[in-house]
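First comes the structure, then the notes that go with it.
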Amino acid sequence: MTVASRVKPLDLFTPEEWAKVSARSSWRGIWMVVHAWGTILLAGALFVAFPNPLTYVLAVMIIGARQLGLAILMHEAAHGGLHPNLKVNDGLGEWLCAAPTGASLKSYRPYHLTHHKYAQQAEDPDLILSAPFPTTRASLNRKIIRDLTGQTFFKQRFGPLLGKLKGSKAIGQPKGAIFSGEIARQKPFLLWNLGLLIALSMVGLWWAWLALWIVPMATWFPLVTRLRNIAEHALVARDEPDPFRHARTTKANWIERLLIAPYHVNFHAEHHMFMHTPCWNLPLAHRLLEQKGLTGGMLTAPGYLSVLKAASAKPVAG
C-alpha cells in the first residue's frame, strides 16, 4: 500500500507561525456549532415571519447549507478539532452535528482518516467520488436534477434498507429483523427528528419539520455536498506524489460561503497538508503560505463555478 506523501509543517513555517496555525480552542468549535444551529433557526424564522416563495427558497438553501455545515463540523470532530477535550469534542460531533443529519462520527472517523492516509492513492476510499470526472455537462446536469428533486436523498437514506429487503430471501433473514436493525442503526437520527417534530408542534409549527428541515435535507444538502466533493478532489491526479496537490482549495466569496461552503471547507488543500489544524486556522495557513510564495504549486480554483465548468468539460461522444 502506498501512503500519501506528507509535508513537515516546520519546513514551511517558523515555530511561532506553526504554533498559531495549529492552536486549538476551547470555545471556537462550540461557537461554530451554535452558529450553525442559530443560522438554521434564523433562516426558518425568516420564512415564518415573511412567508412567500422567495423567502422559502432562500430558507431552504441556507438551511441545507448549514446542514452541510453540521457535516463539516462532524468532520472537524473526526480530527479532534472541535474541542481540546476529546469527550467534549466527540459529544458535540456525534450528537449535535452527526446525528441530526443521519451520520455517525464513530463510523465516519476511521473511514475518513483512511482517506487522509491514502489521499488520491489506490487505497483511498473516496476515489469513487472523484472517479467520474471529468464528465459531460449533460451528465452533471442529471446529477444536479437528481439532487434537487430528492432522488439522491431517497437513494442514500432508503437504498440500503430496500436492498436488504430485496435480498432477504437469499440471505434467509426475516424482514422484521431487517427493519428493526435499520431502526437501531438510525436511532439517533430518528430520535433527533422526532424531537424536532415534537418541539415544532408545541409552538404550532409542525409543518416546519417537513418544509424547513426535511426538504432542505432532501434537496439543497445533497447538491452542496456534491459540489463540495467535486471542488475538493475532482480532476486531482490519481497517485499524485505532491502533497500540495492532493486536494483543491477553492476561493469562495461571501455568497458561496453562505450557500455552498461554510466553515472554511473551501481550504481543502491546506486541510490535507495540515489535517489536524482546526478549520478556523486554515485561512491563516493559506495567507502564510501565500506570503512565502508557496501557493503557486498548490491546486487552486478561483471559484466553485470554475471547478464545475472544468469537471463537466468532457466532450459528448460522437
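Identifiers for the C-alpha cells are assigned positionally: chains receive A, B, ... in sequence, residues are indexed from 1 per chain, and ligands are indexed from 1 in the order shown.
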* Which polymer residues have any atom within 12 Å of an atom of Phe274 of chain A, counting only C-alpha atoms, with same-chain residues fewer than 5 positions away left out, as a PyMOL selection string? -> chain A and resi 6-10+12-13+18+21-23+79+81+116+243-244+246-247+267-269+279+281-282+284-286
Output of the above residues as an mmCIF file, in the first residue's frame, restricted to N, CA, C and O atoms:
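Final file, part_37.cif:
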data_model
loop_
_atom_site.group_PDB
_atom_site.id
_atom_site.type_symbol
_atom_site.label_atom_id
_atom_site.label_comp_id
_atom_site.auth_asym_id
_atom_site.auth_seq_id
_atom_site.Cartn_x
_atom_site.Cartn_y
_atom_site.Cartn_z
ATOM 1 N N ARG A 6 3.595 13.381 2.711
ATOM 2 C CA ARG A 6 3.250 14.381 3.712
ATOM 3 C C ARG A 6 4.229 15.553 3.665
ATOM 4 O O ARG A 6 5.359 15.423 3.208
ATOM 5 N N VAL A 7 3.785 16.693 4.166
ATOM 6 C CA VAL A 7 4.681 17.828 4.371
ATOM 7 C C VAL A 7 5.019 17.900 5.855
ATOM 8 O O VAL A 7 4.239 17.467 6.709
ATOM 9 N N LYS A 8 6.182 18.466 6.162
ATOM 10 C CA LYS A 8 6.569 18.725 7.539
ATOM 11 C C LYS A 8 6.311 20.199 7.814
ATOM 12 O O LYS A 8 6.959 21.068 7.200
ATOM 13 N N PRO A 9 5.370 20.508 8.691
ATOM 14 C CA PRO A 9 4.993 21.905 8.906
ATOM 15 C C PRO A 9 6.169 22.830 9.206
ATOM 16 O O PRO A 9 6.207 23.966 8.713
ATOM 17 N N LEU A 10 7.130 22.353 9.971
ATOM 18 C CA LEU A 10 8.252 23.224 10.335
ATOM 19 C C LEU A 10 9.236 23.416 9.195
ATOM 20 O O LEU A 10 10.186 24.192 9.327
ATOM 21 N N LEU A 12 7.923 24.544 6.502
ATOM 22 C CA LEU A 12 7.201 25.621 5.826
ATOM 23 C C LEU A 12 6.994 26.838 6.721
ATOM 24 O O LEU A 12 6.952 27.972 6.222
ATOM 25 N N PHE A 13 6.829 26.616 8.016
ATOM 26 C CA PHE A 13 6.538 27.688 8.954
ATOM 27 C C PHE A 13 7.625 27.793 10.019
ATOM 28 O O PHE A 13 8.301 26.806 10.326
ATOM 29 N N TRP A 18 3.767 28.196 13.237
ATOM 30 C CA TRP A 18 3.088 26.907 13.355
ATOM 31 C C TRP A 18 2.280 26.823 14.648
ATOM 32 O O TRP A 18 1.204 26.217 14.684
ATOM 33 N N VAL A 21 -0.923 28.478 13.764
ATOM 34 C CA VAL A 21 -1.710 27.696 12.808
ATOM 35 C C VAL A 21 -2.327 26.466 13.459
ATOM 36 O O VAL A 21 -3.463 26.094 13.174
ATOM 37 N N SER A 22 -1.592 25.825 14.349
ATOM 38 C CA SER A 22 -2.049 24.562 14.943
ATOM 39 C C SER A 22 -2.799 24.742 16.257
ATOM 40 O O SER A 22 -3.282 23.755 16.831
ATOM 41 N N ALA A 23 -2.900 25.993 16.731
ATOM 42 C CA ALA A 23 -3.522 26.239 18.038
ATOM 43 C C ALA A 23 -4.985 25.808 18.054
ATOM 44 O O ALA A 23 -5.740 26.086 17.118
ATOM 45 N N HIS A 79 -11.337 14.886 13.360
ATOM 46 C CA HIS A 79 -9.921 15.231 13.515
ATOM 47 C C HIS A 79 -9.610 15.749 14.920
ATOM 48 O O HIS A 79 -8.481 16.181 15.174
ATOM 49 N N GLY A 81 -10.808 18.438 16.279
ATOM 50 C CA GLY A 81 -10.613 19.876 16.250
ATOM 51 C C GLY A 81 -11.699 20.718 16.876
ATOM 52 O O GLY A 81 -11.513 21.917 17.045
ATOM 53 N N HIS A 116 -7.424 10.241 4.370
ATOM 54 C CA HIS A 116 -6.246 11.098 4.518
ATOM 55 C C HIS A 116 -4.951 10.308 4.361
ATOM 56 O O HIS A 116 -4.008 10.787 3.718
ATOM 57 N N PRO A 243 2.210 16.601 -2.122
ATOM 58 C CA PRO A 243 1.194 16.851 -1.094
ATOM 59 C C PRO A 243 0.502 18.197 -1.237
ATOM 60 O O PRO A 243 -0.573 18.402 -0.670
ATOM 61 N N PHE A 244 1.082 19.130 -2.012
ATOM 62 C CA PHE A 244 0.428 20.403 -2.269
ATOM 63 C C PHE A 244 -0.727 20.245 -3.257
ATOM 64 O O PHE A 244 -1.516 21.169 -3.450
ATOM 65 N N HIS A 246 -2.822 17.225 -3.419
ATOM 66 C CA HIS A 246 -3.693 16.100 -3.073
ATOM 67 C C HIS A 246 -5.159 16.522 -3.027
ATOM 68 O O HIS A 246 -6.057 15.678 -3.046
ATOM 69 N N ALA A 247 -5.392 17.814 -2.925
ATOM 70 C CA ALA A 247 -6.758 18.342 -2.841
ATOM 71 C C ALA A 247 -6.739 19.766 -3.375
ATOM 72 O O ALA A 247 -5.683 20.359 -3.561
ATOM 73 N N PHE A 267 -10.892 25.537 2.004
ATOM 74 C CA PHE A 267 -9.438 25.447 2.138
ATOM 75 C C PHE A 267 -9.025 23.980 2.278
ATOM 76 O O PHE A 267 -8.448 23.558 3.287
ATOM 77 N N HIS A 268 -9.296 23.210 1.238
ATOM 78 C CA HIS A 268 -9.119 21.764 1.379
ATOM 79 C C HIS A 268 -7.683 21.317 1.129
ATOM 80 O O HIS A 268 -7.258 20.297 1.682
ATOM 81 N N ALA A 269 -6.945 22.030 0.302
ATOM 82 C CA ALA A 269 -5.534 21.681 0.115
ATOM 83 C C ALA A 269 -4.781 21.843 1.433
ATOM 84 O O ALA A 269 -3.984 20.973 1.828
ATOM 85 N N CYS A 279 -10.276 24.084 11.590
ATOM 86 C CA CYS A 279 -10.718 24.686 10.329
ATOM 87 C C CYS A 279 -10.624 26.195 10.347
ATOM 88 O O CYS A 279 -10.373 26.820 9.310
ATOM 89 N N ASN A 281 -8.348 27.984 11.476
ATOM 90 C CA ASN A 281 -6.971 28.426 11.245
ATOM 91 C C ASN A 281 -6.499 28.164 9.818
ATOM 92 O O ASN A 281 -5.377 28.549 9.461
ATOM 93 N N LEU A 282 -7.313 27.515 8.999
ATOM 94 C CA LEU A 282 -6.894 27.218 7.628
ATOM 95 C C LEU A 282 -6.711 28.486 6.786
ATOM 96 O O LEU A 282 -5.767 28.553 5.990
ATOM 97 N N LEU A 284 -5.562 31.289 7.844
ATOM 98 C CA LEU A 284 -4.255 31.778 8.280
ATOM 99 C C LEU A 284 -3.144 30.978 7.619
ATOM 100 O O LEU A 284 -2.154 31.561 7.137
ATOM 101 N N ALA A 285 -3.295 29.668 7.587
ATOM 102 C CA ALA A 285 -2.292 28.830 6.925
ATOM 103 C C ALA A 285 -2.142 29.231 5.464
ATOM 104 O O ALA A 285 -1.016 29.325 4.945
ATOM 105 N N HIS A 286 -3.267 29.476 4.802
ATOM 106 C CA HIS A 286 -3.221 29.877 3.390
ATOM 107 C C HIS A 286 -2.494 31.207 3.227
ATOM 108 O O HIS A 286 -1.655 31.355 2.320
#
* Asked: atom CA of Ser107 of chain A and atom CA of Pro132 of chain A, how far apart in Å?
  -> 25.0 Å
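The alpha helix (DSSP H) portion of segment 95-148 of chain A consists of Leu105, Lys106, Ser107, Tyr108, Arg109, Pro110, Tyr111, His112, Leu113, Thr114, His115, His116, Lys117, Leu127, Ile128, Leu129, Ser130, Arg137, Ala138, Ser139, Leu140, Asn141, Arg142, Lys143, Ile144, Ile145, Arg146, Asp147 and Leu148 of chain A, with states taken from DSSP on the backbone.
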C-alpha atoms of the current selection, written as an mmCIF file, in the first residue's frame:
data_model
loop_
_atom_site.group_PDB
_atom_site.id
_atom_site.type_symbol
_atom_site.label_atom_id
_atom_site.label_comp_id
_atom_site.auth_asym_id
_atom_site.auth_seq_id
_atom_site.Cartn_x
_atom_site.Cartn_y
_atom_site.Cartn_z
ATOM 1 C CA LEU A 105 -18.993 10.210 13.930
ATOM 2 C CA LYS A 106 -17.960 6.811 15.249
ATOM 3 C CA SER A 107 -18.326 5.246 11.797
ATOM 4 C CA TYR A 108 -17.068 8.257 9.862
ATOM 5 C CA ARG A 109 -13.773 8.802 11.691
ATOM 6 C CA PRO A 110 -11.899 5.603 10.671
ATOM 7 C CA TYR A 111 -13.213 5.885 7.118
ATOM 8 C CA HIS A 112 -12.155 9.496 6.801
ATOM 9 C CA LEU A 113 -8.716 9.057 8.358
ATOM 10 C CA THR A 114 -8.114 6.262 5.840
ATOM 11 C CA HIS A 115 -8.926 8.789 3.119
ATOM 12 C CA HIS A 116 -6.246 11.098 4.518
ATOM 13 C CA LYS A 117 -3.687 8.341 4.874
ATOM 14 C CA LEU A 127 -11.579 7.867 -5.030
ATOM 15 C CA ILE A 128 -15.020 6.711 -6.133
ATOM 16 C CA LEU A 129 -16.296 10.271 -5.593
ATOM 17 C CA SER A 130 -13.787 11.852 -7.976
ATOM 18 C CA ARG A 137 -22.348 18.852 -18.997
ATOM 19 C CA ALA A 138 -25.463 16.727 -19.548
ATOM 20 C CA SER A 139 -24.275 14.143 -17.026
ATOM 21 C CA LEU A 140 -23.572 16.813 -14.402
ATOM 22 C CA ASN A 141 -26.977 18.374 -15.047
ATOM 23 C CA ARG A 142 -28.649 14.991 -14.478
ATOM 24 C CA LYS A 143 -26.805 14.633 -11.165
ATOM 25 C CA ILE A 144 -27.902 18.109 -10.091
ATOM 26 C CA ILE A 145 -31.523 17.341 -11.011
ATOM 27 C CA ARG A 146 -31.406 14.100 -9.004
ATOM 28 C CA ASP A 147 -30.101 16.065 -6.028
ATOM 29 C CA LEU A 148 -32.669 18.852 -6.207
#
* Asked: Could you pull the residues within 8 Å of Glu76 of chain A, counting only C-alpha atoms, minus those fewer than 6 positions along the same chain, as number ranges by chain?
  -> A: 82, 93, 278-279
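Among the candidates A:Lys309, A:Arg248, A:Lys166, A:Arg157, the one nearest to Met217 of chain A when counting only C-alpha atoms is A:Arg157.
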* Tell me which of A:Leu235, A:Ala184, A:Ile62, A:Leu54 sits closest to Thr39 of chain A, counting only C-alpha atoms. => A:Ile62
* To do: Tell me, as a ChimeraX atom specification, which residues lie within 12 Å of Pro216 of chain A, counting only C-alpha atoms; anything in the same chain fewer than 2 positions away does not count.
  => /A:40,43-44,56-68,101,147-150,153,208-214,218-224,259
* Hey, what's within 10 Å of Ala77 of chain A if we count only C-alpha atoms and toss same-chain stuff fewer than 3 positions away? As a list in words, please? -> Gly29, Ala71, Ile72, Leu73, Met74, Gly80, Gly81, Leu82, His83, Leu86, Val88, Asn89, Asp90, Gly91, Leu92, Gly93, Glu94, Cys97, Ala98, Leu105, Arg109, His276 and Pro278 of chain A
